[in-house]
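Reading through the structure tokens given below for one structure.
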Amino acid sequence: MSTFSHLLHQQYLHTPDRNALTLLRAGQPDLPLTVRELLQGSAGVAQTLAHHGIQPGEVVILILQHSLEHAFAYFGTILHGAIPSIMPFLTEKLLPERYRADLAALVGVTQPSAIITYPEFEGEVRAALGEGSSVRVVLLSTEMDPPCEPDFASLPGLQRSPEDIVLLQHSSGTTGLQKGVALSHRAVLNQLESYSRRLQLNEADVLVSWLPLYHDMGLIAGFLMPLLLGIPLVLMSPFDWVRNPARLMQAVSKYRGTLSWLPNFAYNFCAQKTRDRDLEGVDLSSWRAISNCSEPMRYESHQAFLARFAPYGLRPEALCTCYAMAENVFAVTQGGITEPVTVDVIDREAMQVERVARPAFTDEAVIHMLSAGRPIENVEVRVVDEHGHDVPERKIGEVCLRSNSMLTEYYHRPDATAKAFRSGWYLTGDYGYLAAGELYVTGRKKDLIIVGGKNIHPQDLEELAMTVPGVHAGRVVVFGIFNDEQGTEEVYLVAEVDPEDPAAREQIADQIRQTITRGSAVALRHVHLVNKHWLVKTSSGKTARGANREKYIKEVLGQ
């Protein structure tokens, strides 16, 4: 069994001049990087870590954007035998104080020894580090040792065991950063071996990605898998993509891309925001698999994407699906690749009331469910009831899984680790059903909202709203409602307030929007203010999010 460093060493020995990575940079020429150049730059970072006394097995946090420095820092940390952990980069939507609080929480739990970031960001990083912090050094991207010939005989990364932790993945949501998924070399490589077979990866493949690297889909599928397995990677910044989604299509056409992964909202976003003039000369016929992953998958989103890009060579069979989670490294199932994704047309009422995915016999009140595919080779999947017993086929229950690519632990969180498993099976917290050996994911057990691939914790937004004058403490509820046009959920907030004057209420609503937009990763649009006692509470006095969501849909939206 190998480790990351052993795989990199073999590439350096046998294919040093192969193109490993091409970085797309807005307003600048594309930057190709060979295996030799990647590992020489990484060796410089490993040397820097050694000079500053960072030890193998210690955690190094990376706060960098998609860049040459990011690639060097990630693999340099691994070559040194340390554990990289990527934190989302600060955006203009976040209050610095909120960002510092998240970073401080992450540092408090993971106890990193070093942080690597840009010079202009050093102040924010240091502001988050309290007295007694485990961080011994903040390393700046401009102060790394220059690229050098890697001495694989002495690099500590070559001495690491397959069972050692190689990386930490953290939540990409508003918070939740304290819960780090610790993965071993063996777990990741088991996943890549199994998943690459399901994908039928081959030497003709080229992977094109804009996905953020702090999320498992971007890190594993869109970064580590191609670079560790020797598949050319074309990588662009998510900031560049969101400004001009046509850049993805242009890159696929230019580099004859064959594989990409997208969250569901991106299918709608690309279909709606890509301009005809940006698609002149674009040819998407090389794309053999675009996998919908990371948030609930929608049949309508696939159809909109196909309708928009079929004139440019996109083939229907290229639309694939995937169910994945960081705790299993990445993929649990994969749909498509060798045959079209199964569409299960089920009765809406049976699903919502009886929790059974009954095939529909009419065209009215139906749901088109996209199959997430079959479990990949090393993964077992079950669907169970609240007592942990297997449910019949097509009965909706909680999805559980077991594999040889599971997390070692939630880093420094034995309580959370123990809670996540039952008799050796990982409890995903997702609802779904099995039919003919394929998995269909129907929703989330908890109240988590997924907006554009980001995990939104309702209680965090509720707490922010309660800081606004005029909002009743404990009388705020946040929930998600799916927007068919956008292909993702939207966040809705309902709050009880005293003023009944419309102007006063509008002022409070505006302040809530500003507070949440500035204090979280959510650009809040939907705020509804109500009188006292509107909100539904449970018998124990807790806010009943599901009941309030249904009440809002019925009374406010009239649906």
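In the structure tokens, each chain is lettered A, B, ... as it comes, each chain's residues begin at 1, and ligands are numbered from 1 in order of appearance.
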Could you write out, as an MDAnalysis selection string, all the residues of stretch 160-359 of chain A that DSSP marks as strand (DSSP E or B)?
-> chainID A and resid 165:169 181:184 207:209 233:236 259:262 289:292 319:324 331:335 343:347 356 359
If you count only C-alpha atoms, which residues fall within 12 Å of A:Leu13, apart from same-chain ones fewer than 4 positions away, as a ChimeraX atom specification?
-> /A:6-9,17-18,35-36,39,150-152
Write the residues of the preceding selection, restricted to all heavy atoms, as an mmCIF file, in the first residue's frame.
data_model
loop_
_atom_site.group_PDB
_atom_site.id
_atom_site.type_symbol
_atom_site.label_atom_id
_atom_site.label_comp_id
_atom_site.auth_asym_id
_atom_site.auth_seq_id
_atom_site.Cartn_x
_atom_site.Cartn_y
_atom_site.Cartn_z
ATOM 1 N N HIS A 6 4.505 8.731 -1.920
ATOM 2 C CA HIS A 6 5.044 7.685 -2.790
ATOM 3 C C HIS A 6 4.515 7.835 -4.218
ATOM 4 O O HIS A 6 5.265 7.663 -5.188
ATOM 5 C CB HIS A 6 4.682 6.302 -2.232
ATOM 6 C CG HIS A 6 5.469 5.913 -1.025
ATOM 7 N ND1 HIS A 6 4.933 5.890 0.238
ATOM 8 C CD2 HIS A 6 6.777 5.555 -0.879
ATOM 9 C CE1 HIS A 6 5.848 5.520 1.106
ATOM 10 N NE2 HIS A 6 6.985 5.315 0.456
ATOM 11 N N LEU A 7 3.235 8.145 -4.360
ATOM 12 C CA LEU A 7 2.672 8.342 -5.694
ATOM 13 C C LEU A 7 3.331 9.526 -6.399
ATOM 14 O O LEU A 7 3.646 9.464 -7.600
ATOM 15 C CB LEU A 7 1.164 8.577 -5.594
ATOM 16 C CG LEU A 7 0.287 7.368 -5.248
ATOM 17 C CD1 LEU A 7 -1.175 7.788 -5.185
ATOM 18 C CD2 LEU A 7 0.463 6.243 -6.257
ATOM 19 N N LEU A 8 3.530 10.609 -5.668
ATOM 20 C CA LEU A 8 4.173 11.783 -6.251
ATOM 21 C C LEU A 8 5.613 11.479 -6.650
ATOM 22 O O LEU A 8 6.101 11.922 -7.700
ATOM 23 C CB LEU A 8 4.117 12.945 -5.260
ATOM 24 C CG LEU A 8 2.706 13.450 -4.912
ATOM 25 C CD1 LEU A 8 2.761 14.444 -3.761
ATOM 26 C CD2 LEU A 8 2.036 14.078 -6.128
ATOM 27 N N HIS A 9 6.305 10.721 -5.815
ATOM 28 C CA HIS A 9 7.688 10.335 -6.110
ATOM 29 C C HIS A 9 7.748 9.537 -7.412
ATOM 30 O O HIS A 9 8.617 9.767 -8.273
ATOM 31 C CB HIS A 9 8.250 9.513 -4.942
ATOM 32 C CG HIS A 9 9.692 9.166 -5.108
ATOM 33 N ND1 HIS A 9 10.293 8.112 -4.435
ATOM 34 C CD2 HIS A 9 10.676 9.698 -5.883
ATOM 35 C CE1 HIS A 9 11.569 8.037 -4.773
ATOM 36 N NE2 HIS A 9 11.825 8.990 -5.646
ATOM 37 N N ASP A 17 7.988 15.323 -17.075
ATOM 38 C CA ASP A 17 7.655 16.386 -18.023
ATOM 39 C C ASP A 17 6.195 16.358 -18.469
ATOM 40 O O ASP A 17 5.791 17.150 -19.318
ATOM 41 C CB ASP A 17 8.562 16.276 -19.254
ATOM 42 C CG ASP A 17 10.027 16.485 -18.884
ATOM 43 O OD1 ASP A 17 10.303 17.377 -18.074
ATOM 44 O OD2 ASP A 17 10.875 15.725 -19.400
ATOM 45 N N ARG A 18 5.407 15.460 -17.884
ATOM 46 C CA ARG A 18 3.979 15.408 -18.201
ATOM 47 C C ARG A 18 3.288 16.630 -17.620
ATOM 48 O O ARG A 18 3.574 17.053 -16.512
ATOM 49 C CB ARG A 18 3.358 14.129 -17.620
ATOM 50 C CG ARG A 18 1.861 14.007 -17.883
ATOM 51 C CD ARG A 18 1.276 12.770 -17.199
ATOM 52 N NE ARG A 18 1.441 12.817 -15.752
ATOM 53 C CZ ARG A 18 0.667 13.523 -14.930
ATOM 54 N NH1 ARG A 18 -0.311 14.280 -15.408
ATOM 55 N NH2 ARG A 18 0.879 13.486 -13.630
ATOM 56 N N VAL A 35 4.798 17.963 -13.921
ATOM 57 C CA VAL A 35 4.989 17.247 -12.654
ATOM 58 C C VAL A 35 6.254 17.747 -11.961
ATOM 59 O O VAL A 35 6.260 17.986 -10.746
ATOM 60 C CB VAL A 35 5.083 15.723 -12.914
ATOM 61 C CG1 VAL A 35 5.536 14.990 -11.651
ATOM 62 C CG2 VAL A 35 3.755 15.178 -13.414
ATOM 63 N N ARG A 36 7.329 17.926 -12.742
ATOM 64 C CA ARG A 36 8.575 18.404 -12.165
ATOM 65 C C ARG A 36 8.408 19.778 -11.519
ATOM 66 O O ARG A 36 8.835 20.006 -10.377
ATOM 67 C CB ARG A 36 9.674 18.460 -13.236
ATOM 68 C CG ARG A 36 11.014 19.021 -12.713
ATOM 69 C CD ARG A 36 12.044 19.186 -13.803
ATOM 70 N NE ARG A 36 12.622 17.918 -14.201
ATOM 71 C CZ ARG A 36 12.420 17.318 -15.370
ATOM 72 N NH1 ARG A 36 11.616 17.895 -16.265
ATOM 73 N NH2 ARG A 36 12.993 16.175 -15.652
ATOM 74 N N LEU A 39 6.277 19.610 -8.250
ATOM 75 C CA LEU A 39 6.946 19.031 -7.086
ATOM 76 C C LEU A 39 8.179 19.823 -6.664
ATOM 77 O O LEU A 39 8.533 19.824 -5.477
ATOM 78 C CB LEU A 39 7.296 17.570 -7.358
ATOM 79 C CG LEU A 39 6.073 16.652 -7.504
ATOM 80 C CD1 LEU A 39 6.479 15.200 -7.660
ATOM 81 C CD2 LEU A 39 5.135 16.808 -6.313
ATOM 82 N N PRO A 150 13.514 18.125 -5.183
ATOM 83 C CA PRO A 150 13.080 17.401 -3.987
ATOM 84 C C PRO A 150 14.017 16.245 -3.667
ATOM 85 O O PRO A 150 14.369 15.464 -4.554
ATOM 86 C CB PRO A 150 11.680 16.902 -4.351
ATOM 87 C CG PRO A 150 11.636 16.900 -5.841
ATOM 88 C CD PRO A 150 12.561 17.975 -6.302
ATOM 89 N N ASP A 151 14.430 16.169 -2.416
ATOM 90 C CA ASP A 151 15.274 15.059 -1.950
ATOM 91 C C ASP A 151 14.350 14.017 -1.327
ATOM 92 O O ASP A 151 14.085 14.038 -0.128
ATOM 93 C CB ASP A 151 16.299 15.559 -0.934
ATOM 94 C CG ASP A 151 17.226 14.447 -0.451
ATOM 95 O OD1 ASP A 151 17.093 13.300 -0.950
ATOM 96 O OD2 ASP A 151 18.063 14.713 0.430
ATOM 97 N N PHE A 152 13.832 13.126 -2.162
ATOM 98 C CA PHE A 152 12.834 12.175 -1.684
ATOM 99 C C PHE A 152 13.396 11.241 -0.611
ATOM 100 O O PHE A 152 12.639 10.696 0.190
ATOM 101 C CB PHE A 152 12.278 11.365 -2.859
ATOM 102 C CG PHE A 152 11.360 12.166 -3.747
ATOM 103 C CD1 PHE A 152 11.812 12.721 -4.935
ATOM 104 C CD2 PHE A 152 10.033 12.367 -3.379
ATOM 105 C CE1 PHE A 152 10.956 13.450 -5.745
ATOM 106 C CE2 PHE A 152 9.174 13.104 -4.184
ATOM 107 C CZ PHE A 152 9.635 13.646 -5.370
#
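Considering the residues A:Leu401, A:Leu224, A:Leu158, A:Ala266 and counting only C-alpha atoms, A:Glu485 has its shortest atom-to-atom contact with A:Ala266.
When only C-alpha atoms are used to measure the gap to A:Ser42, the shortest distance among A:Arg198, A:His80, A:Arg394, A:Arg288 belongs to A:His80.
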Could you give me, as a count of residues only, the residues within 10 Å of A:Gly437, counting only C-alpha atoms and dropping anything in the same chain fewer than 5 positions from it?
-> 5
